[in-house]
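Colleague: Structure below; questions to follow.
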2 protein chains.
Amino acid sequence: MSDEQETRRGIPDATVARLPVYLRTLSVLADAGVATVSSEELACAAGVNSAKLRKDLSHLGSYGVRGVGYDVEYLIYQVGRELGLTQDWPVAIVGIGNLGHALAGYAGFATRGFRVVALFDVDPSVVGRVVGGLLVRPLGELEQVVRSEPIAIGVVATPAGPAQGVCDRLVACGVRSVLNFAPCVLTVPDGVDVRKVDLSTELQILAYHEQRKALRRIVQQGDDAPRARVGGVAQ
Amino acid sequence: MSDEQETRRGIPDATVARLPVYLRTLSVLADAGVATVSSEELACAAGVNSAKLRKDLSHLGSYGVRGVGYDVEYLIYQVGRELGLTQDWPVAIVGIGNLGHALAGYAGFATRGFRVVALFDVDPSVVGRVVGGLLVRPLGELEQVVRSEPIAIGVVATPAGPAQGVCDRLVACGVRSVLNFAPCVLTVPDGVDVRKVDLSTELQILAYHEQRKALRRIVQQGDDAPRARVGGVAQ
DNA sequence: ATCTGTGAATTTCTTCACAGCA
DNA sequence: TGCTGTGAAGAAATTCACAGAT
């Protein structure tokens with residue numbers, strides 16, 4: 001019953017989002033020669049609480065040993081398999097500006113499973129250059145290349161303006177997963193996944209909390225100090 | 001009663017995370033000359049459903065007009081204020097590799113409120129260069145600069161190795177908000193916020209869903225085709 | 001004795017559906 | 001009538017706390 005649900009609906013989104021963190025943490029432990037790890041230790045290293053970690057891992061199966069913990073190598077394999085990293089995912093990056101340039105050279109992209117196989121740009125001064133060992137092709141060749149190589153994931157690193165158009169072309173060529181760095185919302189048909197990475201969004205979230213912390217400090221001070229200093233903030 | 005809670009606990013995290021998206025969407029509308037927008041229209045443009053949008057905005061106050069919608073300019077102001085964008089947030093970036101380079105030149109960083117004021121790197125071949133109009137300083141000057149300029153947000157764009165050390169130094173200088181691009185978990189004292197942007201995490205999440213879609217297609221095919229083709233997948 | 005895996009309780013987030021105002 | 005703002009219902013995620021395996 002619960003197994004059936006696991007297979008059909010899959011693992012909860014919140015759990016999927018944390019699996020990569022666990023995987024990276026486990027890799028660090030493995031490199032350090034650690035063979036076995038408890039949920040408490042792994043959770044701490046990954047920055048979550050141990051009950052959450054255990055519940056997350058329980059969605060993959062029973063890969064721990066009671067009274068002992070988890071075998072690091074085995075868990076790496078299981079988490080990687082669940083995430084689909086045992087397969088090969090060819091990636092294309094469109095838009096080789098500052099960010100695209102960084103992405104093309106980013107070692108993290110070359111980690112298990114992911115393989116950058118094509119770079120595209122419209123700018124003639126960029127096209128023809130070699131970035132991260134790959135030739136930058138003109139955008140016009142997108143359809144041809146994406147169809148011949150079986151591109152699974154398209155990375156949009158263009159400005160906001162052309163992003164939707166580029167995305168449409170990728171999707172038309174059969175790309176079903178898009179990672180969007182452009183500062184805009186991409187609209188895609190059902191069955192296509194988009195994830196958005198937005199630097200200024202993250203900054204704004206930090207600013208919100210920073211502002212609250214500053215406010216809280218003022219109010220706190222106000223509690224100890226004469227009321228007048230608080231101004232209109234409290235109440 | 002509910003107002004009190006709003007002031008003390010603040011806006012729900014899930015809402016805060018969406019406000020920047022609304023803000024950007026509103027800016028696009030404003031640039032297009034739209035004066036008034038309904039929750040349905042704005043929600044659609046922002047890629048969320050309208051009930052969620054209305055509930056989100058209701059946490060800021062009652063800034064809409066029943067039967068009419070929201071005034072775009074006014075809402076931009078209110079959302080921006082809530083996020084703390086009416087204040088000035090000086091930002092320092094540590095690690096001017098490919099990514100740091102891209103970040104320093106990223107226009108989104110220069111949007112309302114945020115101002116990159118200092119760049120640091122250890123590499124002597126990078127130190128002294130001018131990137132995005134700013135001189136790259138040696139890491140040794142971090143304490144001096146961060147203390148003299150009132151840096152609010154530190155961006156860690158170093159490799160994983162030095163990231164924690166850099167973060168510790170930033171925090172020691174009074175930085176209370178850190179945006180982490182390094183592929184590792186940063187540990188900070190209470191009262192300091194860290195947000196993590198991880199490119200390979202996003203790819204892995206896409207890979208998970210891509211794998212599931214592929215699997216579903218196979219199972220679906222299996223339903224129409226002879227059982228034998230399904231193999232061990234179904235049941 | 002120790003540590004996992006998991007039901008149950010709790011909290012948070014989302015969606016519904018409609019009262020109430022323009 | 002049209003659209004917002006919001007209680008109430010529902011779904012999802014988190015945390016608790018402990019039974020059960022080694």
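Chain labels follow the order of the structure tokens: the first chain is A, the next B, and so on; residue numbering restarts at 1 in every chain, and ligands are counted from 1 in their shown order.
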Take chain A, superimpose it onto chain B by least squares using every C-alpha atom paired in sequence order, and output the result as a compact mmCIF listing (two decimals) with C-alpha atoms, in the first residue's frame.
Modeller:
```
# COMPACT_ATOMS: atom_id res chain seq x y z
CA MET A 1 -4.08 39.62 17.69
CA SER A 2 -3.24 38.49 14.19
CA ASP A 3 -1.53 41.81 13.60
CA GLU A 4 0.64 41.22 16.62
CA GLN A 5 1.72 37.88 15.24
CA GLU A 6 2.45 39.42 11.87
CA THR A 7 4.75 41.94 13.46
CA ARG A 8 6.57 39.54 15.76
CA ARG A 9 6.93 36.34 13.80
CA GLY A 10 6.84 38.09 10.48
CA ILE A 11 5.61 36.87 7.15
CA PRO A 12 5.67 33.10 6.44
CA ASP A 13 8.90 31.92 4.82
CA ALA A 14 7.10 30.51 1.82
CA THR A 15 5.56 33.92 1.18
CA VAL A 16 8.85 35.79 1.60
CA ALA A 17 10.42 33.48 -0.98
CA ARG A 18 7.75 34.45 -3.51
CA LEU A 19 7.71 38.20 -2.95
CA PRO A 20 10.77 38.79 -5.15
CA VAL A 21 9.02 36.99 -8.00
CA TYR A 22 5.95 39.19 -7.61
CA LEU A 23 8.15 42.23 -7.48
CA ARG A 24 9.88 41.37 -10.70
CA THR A 25 6.60 40.57 -12.41
CA LEU A 26 5.13 43.86 -11.25
CA SER A 27 8.14 45.73 -12.60
CA VAL A 28 7.64 44.18 -16.02
CA LEU A 29 3.98 45.22 -15.93
CA ALA A 30 4.88 48.73 -14.83
CA ASP A 31 7.40 49.03 -17.69
CA ALA A 32 4.67 47.93 -20.06
CA GLY A 33 2.51 50.78 -18.80
CA VAL A 34 0.00 48.66 -16.87
CA ALA A 35 -1.51 50.68 -14.02
CA THR A 36 -3.80 48.15 -12.37
CA VAL A 37 -3.69 44.39 -12.16
CA SER A 38 -6.02 41.72 -10.79
CA SER A 39 -4.80 38.87 -8.60
CA GLU A 40 -5.64 36.49 -11.41
CA GLU A 41 -3.51 38.34 -13.96
CA LEU A 42 -0.57 38.90 -11.65
CA ALA A 43 -0.65 35.32 -10.39
CA CYS A 44 -0.66 33.99 -13.90
CA ALA A 45 2.29 36.17 -14.92
CA ALA A 46 4.17 35.15 -11.80
CA GLY A 47 3.43 31.47 -12.28
CA VAL A 48 1.35 30.83 -9.15
CA ASN A 49 -2.35 30.44 -8.48
CA SER A 50 -4.40 33.46 -7.58
CA ALA A 51 -5.57 32.32 -4.15
CA LYS A 52 -1.97 31.91 -3.11
CA LEU A 53 -1.05 35.30 -4.44
CA ARG A 54 -3.91 36.98 -2.57
CA LYS A 55 -3.03 35.22 0.66
CA ASP A 56 0.62 36.17 0.23
CA LEU A 57 -0.20 39.82 -0.36
CA SER A 58 -2.68 39.85 2.50
CA HIS A 59 0.26 39.29 4.85
CA LEU A 60 1.62 42.71 3.88
CA GLY A 61 -1.67 44.51 4.44
CA SER A 62 -4.78 45.37 2.45
CA TYR A 63 -3.33 47.02 -0.58
CA GLY A 64 -5.88 45.89 -3.14
CA VAL A 65 -9.25 47.33 -4.04
CA ARG A 66 -12.20 44.94 -4.23
CA GLY A 67 -13.82 44.78 -7.61
CA VAL A 68 -10.77 46.46 -9.14
CA GLY A 69 -7.41 44.89 -8.33
CA TYR A 70 -4.02 46.21 -7.25
CA ASP A 71 -2.35 49.45 -8.22
CA VAL A 72 0.92 48.30 -9.80
CA GLU A 73 3.16 51.15 -8.65
CA TYR A 74 1.79 51.17 -5.13
CA LEU A 75 2.20 47.42 -4.80
CA ILE A 76 5.78 47.62 -6.08
CA TYR A 77 6.50 50.13 -3.36
CA GLN A 78 4.86 48.05 -0.62
CA VAL A 79 6.50 44.76 -1.60
CA GLY A 80 9.87 46.46 -1.96
CA ARG A 81 9.51 48.07 1.43
CA GLU A 82 8.55 44.78 3.05
CA LEU A 83 11.63 43.14 1.56
CA GLY A 84 13.82 45.95 2.83
CA LEU A 85 14.74 47.21 -0.63
CA THR A 86 14.18 50.81 0.31
CA GLN A 87 17.37 50.50 2.32
CA ASP A 88 20.90 50.32 1.03
CA TRP A 89 22.65 46.94 1.31
CA PRO A 90 26.37 46.99 0.67
CA VAL A 91 27.58 43.61 -0.61
CA ALA A 92 31.04 42.04 -0.64
CA ILE A 93 31.97 39.13 -2.89
CA VAL A 94 34.75 36.76 -1.90
CA GLY A 95 36.23 34.53 -4.58
CA ILE A 96 36.52 36.10 -8.02
CA GLY A 97 36.81 32.94 -10.10
CA ASN A 98 34.50 32.28 -13.03
CA LEU A 99 31.40 32.50 -10.88
CA GLY A 100 32.50 35.45 -8.74
CA HIS A 101 33.40 37.22 -11.94
CA ALA A 102 29.92 36.63 -13.28
CA LEU A 103 28.34 37.75 -10.02
CA ALA A 104 30.40 40.95 -9.87
CA GLY A 105 29.16 41.86 -13.32
CA TYR A 106 25.62 40.64 -12.83
CA ALA A 107 23.16 43.44 -13.33
CA GLY A 108 20.66 41.81 -10.98
CA PHE A 109 23.03 42.44 -8.13
CA ALA A 110 22.93 46.11 -8.84
CA THR A 111 19.15 46.26 -8.64
CA ARG A 112 17.36 48.31 -6.06
CA GLY A 113 18.99 48.25 -2.69
CA PHE A 114 22.03 46.14 -3.46
CA ARG A 115 25.42 47.65 -4.12
CA VAL A 116 28.56 45.59 -4.61
CA VAL A 117 31.28 47.53 -2.82
CA ALA A 118 34.17 45.09 -2.44
CA LEU A 119 35.71 42.08 -4.19
CA PHE A 120 38.29 39.76 -2.64
CA ASP A 121 40.45 36.89 -3.84
CA VAL A 122 43.58 35.05 -2.75
CA ASP A 123 44.95 34.45 -6.24
CA PRO A 124 47.70 37.04 -6.97
CA SER A 125 46.90 36.84 -10.67
CA VAL A 126 43.37 38.07 -9.97
CA VAL A 127 44.11 40.56 -7.20
CA GLY A 128 44.59 44.05 -8.57
CA ARG A 129 42.40 43.51 -11.58
CA VAL A 130 39.29 45.57 -12.12
CA VAL A 131 36.11 43.50 -12.43
CA GLY A 132 32.75 45.12 -12.99
CA GLY A 133 34.30 48.49 -12.21
CA LEU A 134 35.74 47.36 -8.87
CA LEU A 135 39.28 46.56 -7.83
CA VAL A 136 39.85 43.00 -6.63
CA ARG A 137 41.56 43.20 -3.23
CA PRO A 138 43.70 40.62 -1.51
CA LEU A 139 41.85 38.47 1.02
CA GLY A 140 44.09 39.86 3.75
CA GLU A 141 42.30 43.19 3.53
CA LEU A 142 38.90 41.61 4.22
CA GLU A 143 38.68 42.57 7.89
CA GLN A 144 39.77 46.13 7.31
CA VAL A 145 37.41 46.76 4.41
CA VAL A 146 34.36 44.94 5.77
CA ARG A 147 34.65 46.86 9.02
CA SER A 148 35.17 50.26 7.42
CA GLU A 149 32.41 49.88 4.84
CA PRO A 150 29.33 48.66 6.66
CA ILE A 151 28.98 45.42 4.67
CA ALA A 152 25.58 43.81 5.27
CA ILE A 153 25.75 40.80 2.97
CA GLY A 154 28.71 38.60 2.17
CA VAL A 155 28.75 36.43 -0.94
CA VAL A 156 30.96 33.35 -0.74
CA ALA A 157 31.97 32.24 -4.24
CA THR A 158 35.12 30.33 -3.33
CA PRO A 159 35.73 26.60 -3.72
CA ALA A 160 34.39 24.38 -0.93
CA GLY A 161 37.72 24.18 0.88
CA PRO A 162 38.20 27.78 2.01
CA ALA A 163 34.46 28.60 2.20
CA GLN A 164 33.93 27.98 5.92
CA GLY A 165 37.06 29.95 6.82
CA VAL A 166 35.98 32.89 4.69
CA CYS A 167 32.50 32.73 6.17
CA ASP A 168 33.90 32.74 9.71
CA ARG A 169 35.96 35.82 8.93
CA LEU A 170 32.96 37.62 7.45
CA VAL A 171 30.84 36.79 10.48
CA ALA A 172 33.63 37.89 12.82
CA CYS A 173 33.51 41.29 11.10
CA GLY A 174 29.80 41.61 11.80
CA VAL A 175 28.28 40.27 8.58
CA ARG A 176 24.94 38.69 9.46
CA SER A 177 23.76 37.52 6.04
CA VAL A 178 25.69 35.19 3.78
CA LEU A 179 24.89 33.99 0.30
CA ASN A 180 26.78 30.77 -0.28
CA PHE A 181 27.70 29.52 -3.76
CA ALA A 182 30.33 27.10 -2.50
CA PRO A 183 29.26 23.47 -2.69
CA CYS A 184 29.30 22.85 1.06
CA VAL A 185 27.27 23.47 4.19
CA LEU A 186 28.32 26.59 6.08
CA THR A 187 28.00 26.60 9.85
CA VAL A 188 27.23 29.95 11.44
CA PRO A 189 26.26 31.18 14.91
CA ASP A 190 22.68 32.02 15.84
CA GLY A 191 21.50 35.29 14.42
CA VAL A 192 23.36 34.83 11.14
CA ASP A 193 21.42 33.80 8.03
CA VAL A 194 22.88 31.70 5.27
CA ARG A 195 21.26 30.98 1.96
CA LYS A 196 22.76 28.48 -0.41
CA VAL A 197 22.64 28.51 -4.18
CA ASP A 198 23.74 25.22 -5.58
CA LEU A 199 23.79 24.59 -9.28
CA SER A 200 24.40 20.88 -9.10
CA THR A 201 21.59 20.44 -6.56
CA GLU A 202 19.18 21.95 -9.05
CA LEU A 203 20.45 19.67 -11.80
CA GLN A 204 20.03 16.65 -9.59
CA ILE A 205 16.45 17.57 -8.76
CA LEU A 206 15.73 17.88 -12.47
CA ALA A 207 17.40 14.53 -13.09
CA TYR A 208 15.14 12.91 -10.50
CA HIS A 209 12.00 14.16 -12.20
CA GLU A 210 13.38 13.39 -15.65
CA GLN A 211 14.01 9.84 -14.55
CA ARG A 212 10.47 9.52 -13.20
CA LYS A 213 9.00 10.85 -16.41
CA ALA A 214 11.00 8.34 -18.43
CA LEU A 215 9.85 5.56 -16.11
CA ARG A 216 6.26 6.63 -16.34
CA ARG A 217 6.45 6.59 -20.13
CA ILE A 218 7.77 3.04 -20.04
CA VAL A 219 5.05 1.87 -17.67
CA GLN A 220 2.38 3.62 -19.74
CA GLN A 221 3.68 1.95 -22.86
CA GLY A 222 3.65 -1.30 -20.92
CA ASP A 223 -0.06 -0.93 -20.22
CA ASP A 224 -0.82 -0.84 -23.92
CA ALA A 225 1.87 -3.27 -25.00
CA PRO A 226 2.56 -6.90 -24.11
CA ARG A 227 3.41 -7.30 -20.43
CA ALA A 228 6.77 -8.75 -21.20
CA ARG A 229 8.12 -5.38 -22.30
CA VAL A 230 7.61 -3.89 -18.85
CA GLY A 231 10.20 -6.14 -17.26
CA GLY A 232 10.53 -5.80 -13.51
CA VAL A 233 9.32 -2.23 -13.37
CA ALA A 234 5.60 -2.64 -12.70
CA GLN A 235 5.02 -4.64 -9.56
```
Colleague: Near chain B, meaning an atom within 9 Å, which residues of chain C appear when counting only C-alpha atoms (C1' of nucleotides)? Write them as a list in words.
Modeller: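 Matching residues, ligands excluded from the count: DT12, DC13, DT14, DT15, DC16, DC21 and DA22 of chain C.
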Colleague: Keeping only N, CA and C atoms (P, O5', C5', C4', C3', O3' and C1' of nucleotides), write the selected residues to a file as a tab-separated table (two decimals), in the first residue's frame.
Modeller:
```tsv
chain	number	residue	atom	x	y	z
C	12	DT	P	4.97	26.75	12.72
C	12	DT	O5'	4.83	26.52	11.16
C	12	DT	C5'	5.78	25.71	10.47
C	12	DT	C4'	5.27	25.47	9.07
C	12	DT	C3'	4.83	26.76	8.36
C	12	DT	O3'	5.62	26.86	7.19
C	12	DT	C1'	3.25	25.03	8.07
C	13	DC	P	5.45	28.02	6.13
C	13	DC	O5'	4.50	27.34	5.05
C	13	DC	C5'	4.95	26.18	4.36
C	13	DC	C4'	3.87	25.74	3.40
C	13	DC	C3'	3.37	26.84	2.47
C	13	DC	O3'	3.52	26.37	1.14
C	13	DC	C1'	1.56	25.71	3.51
C	14	DT	P	2.98	27.24	-0.10
C	14	DT	O5'	1.55	26.60	-0.35
C	14	DT	C5'	1.48	25.23	-0.67
C	14	DT	C4'	0.04	24.84	-0.89
C	14	DT	C3'	-0.69	25.65	-1.96
C	14	DT	O3'	-1.17	24.69	-2.91
C	14	DT	C1'	-1.99	25.50	0.01
C	15	DT	P	-1.81	25.17	-4.29
C	15	DT	O5'	-3.37	25.08	-3.97
C	15	DT	C5'	-3.91	23.84	-3.54
C	15	DT	C4'	-5.32	24.06	-3.04
C	15	DT	C3'	-6.21	24.86	-4.02
C	15	DT	O3'	-7.25	23.98	-4.43
C	15	DT	C1'	-6.48	25.58	-1.76
C	16	DC	P	-8.40	24.49	-5.41
C	16	DC	O5'	-9.60	24.71	-4.39
C	16	DC	C5'	-9.79	23.75	-3.35
C	16	DC	C4'	-10.90	24.21	-2.43
C	16	DC	C3'	-12.11	24.83	-3.12
C	16	DC	O3'	-13.27	24.26	-2.52
C	16	DC	C1'	-11.32	26.29	-1.45
C	21	DC	P	-18.03	45.26	4.51
C	21	DC	O5'	-17.30	46.28	3.54
C	21	DC	C5'	-15.91	46.10	3.24
C	21	DC	C4'	-15.66	46.40	1.78
C	21	DC	C3'	-16.27	47.72	1.31
C	21	DC	O3'	-15.24	48.53	0.80
C	21	DC	C1'	-16.71	45.97	-0.23
C	22	DA	P	-15.54	50.01	0.32
C	22	DA	O5'	-15.47	49.86	-1.26
C	22	DA	C5'	-14.22	49.57	-1.87
C	22	DA	C4'	-14.41	49.55	-3.38
C	22	DA	C3'	-14.97	50.85	-3.96
C	22	DA	O3'	-14.29	51.13	-5.17
C	22	DA	C1'	-16.38	49.05	-4.54
```
Colleague: Listing only residues of chain D within 12 Å of chain B, what is the closest atom pair and its distance in Å (to one decimal) for each, using only C-alpha atoms (C1' of nucleotides), sorted by chain and residue number ascending, as CSV?
Modeller:
```
residue,atom,partner,partner_atom,distance
D:DT1,C1',B:Gly67,CA,8.5
D:DG2,C1',B:Gly67,CA,4.6
D:DC3,C1',B:Gly67,CA,3.9
D:DT4,C1',B:Arg66,CA,4.5
D:DG5,C1',B:Ser58,CA,6.8
D:DT6,C1',B:Lys55,CA,8.1
D:DG7,C1',B:Lys55,CA,11.8
```
Colleague: Would you mind reading off the distance between C1' of DT2 in chain C and C1' of DC16 in chain D, one decimal, in Å?
Modeller: 18.7 Å
Colleague: Could you go through range 2-224 of chain A and tell me which residues DSSP, when run on the backbone, assigns to strand (DSSP E), listing them as a tab-separated table (two decimals) with C-alpha atoms, in the first residue's frame?
Modeller:
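Just written: result.tsv:
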```tsv
chain	number	residue	atom	x	y	z
A	36	THR	CA	29.75	4.09	8.63
A	37	VAL	CA	27.72	7.04	9.80
A	64	GLY	CA	20.42	1.55	7.55
A	65	VAL	CA	21.27	-0.95	10.24
A	69	GLY	CA	24.03	3.43	11.25
A	70	TYR	CA	24.40	3.69	7.49
A	71	ASP	CA	27.15	2.31	5.30
A	89	TRP	CA	22.51	13.35	-18.75
A	90	PRO	CA	23.77	15.40	-21.66
A	91	VAL	CA	23.39	19.13	-20.98
A	92	ALA	CA	23.28	22.11	-23.34
A	93	ILE	CA	23.91	25.67	-22.20
A	94	VAL	CA	22.41	28.58	-24.10
A	114	PHE	CA	26.02	15.38	-16.04
A	115	ARG	CA	27.97	16.11	-19.19
A	116	VAL	CA	27.95	19.48	-20.92
A	117	VAL	CA	27.91	18.66	-24.63
A	118	ALA	CA	26.91	21.90	-26.36
A	119	LEU	CA	27.18	25.66	-25.90
A	120	PHE	CA	25.19	28.23	-27.87
A	121	ASP	CA	25.18	32.00	-28.20
A	130	VAL	CA	36.30	27.50	-27.03
A	131	VAL	CA	34.94	27.67	-23.48
A	134	LEU	CA	33.78	23.16	-25.94
A	135	LEU	CA	33.16	25.20	-29.07
A	136	VAL	CA	30.48	27.87	-28.76
A	137	ARG	CA	28.02	27.35	-31.63
A	138	PRO	CA	25.67	29.85	-33.20
A	153	ILE	CA	18.62	19.16	-19.85
A	154	GLY	CA	18.75	22.66	-21.26
A	155	VAL	CA	20.31	25.51	-19.29
A	156	VAL	CA	19.02	28.97	-20.14
A	177	SER	CA	14.01	19.67	-18.21
A	178	VAL	CA	15.12	23.29	-18.12
A	179	LEU	CA	17.33	25.08	-15.64
A	180	ASN	CA	16.56	28.77	-15.87
A	193	ASP	CA	10.03	20.74	-15.70
A	194	VAL	CA	11.60	24.11	-15.09
A	195	ARG	CA	13.74	25.06	-12.15
A	196	LYS	CA	14.78	28.61	-11.60
```
Colleague: Record the distance separating C1' of DA21 in chain D and C1' of DG5 in chain C, expressed in Å with one decimal.
Modeller: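 Pair C1' of DA21 in chain D / C1' of DG5 in chain C returns 9.7 Å.
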Colleague: Any idea what the distance is between C1' of DA8 in chain C and C1' of DA17 in chain D?
Modeller: 9.2 Å
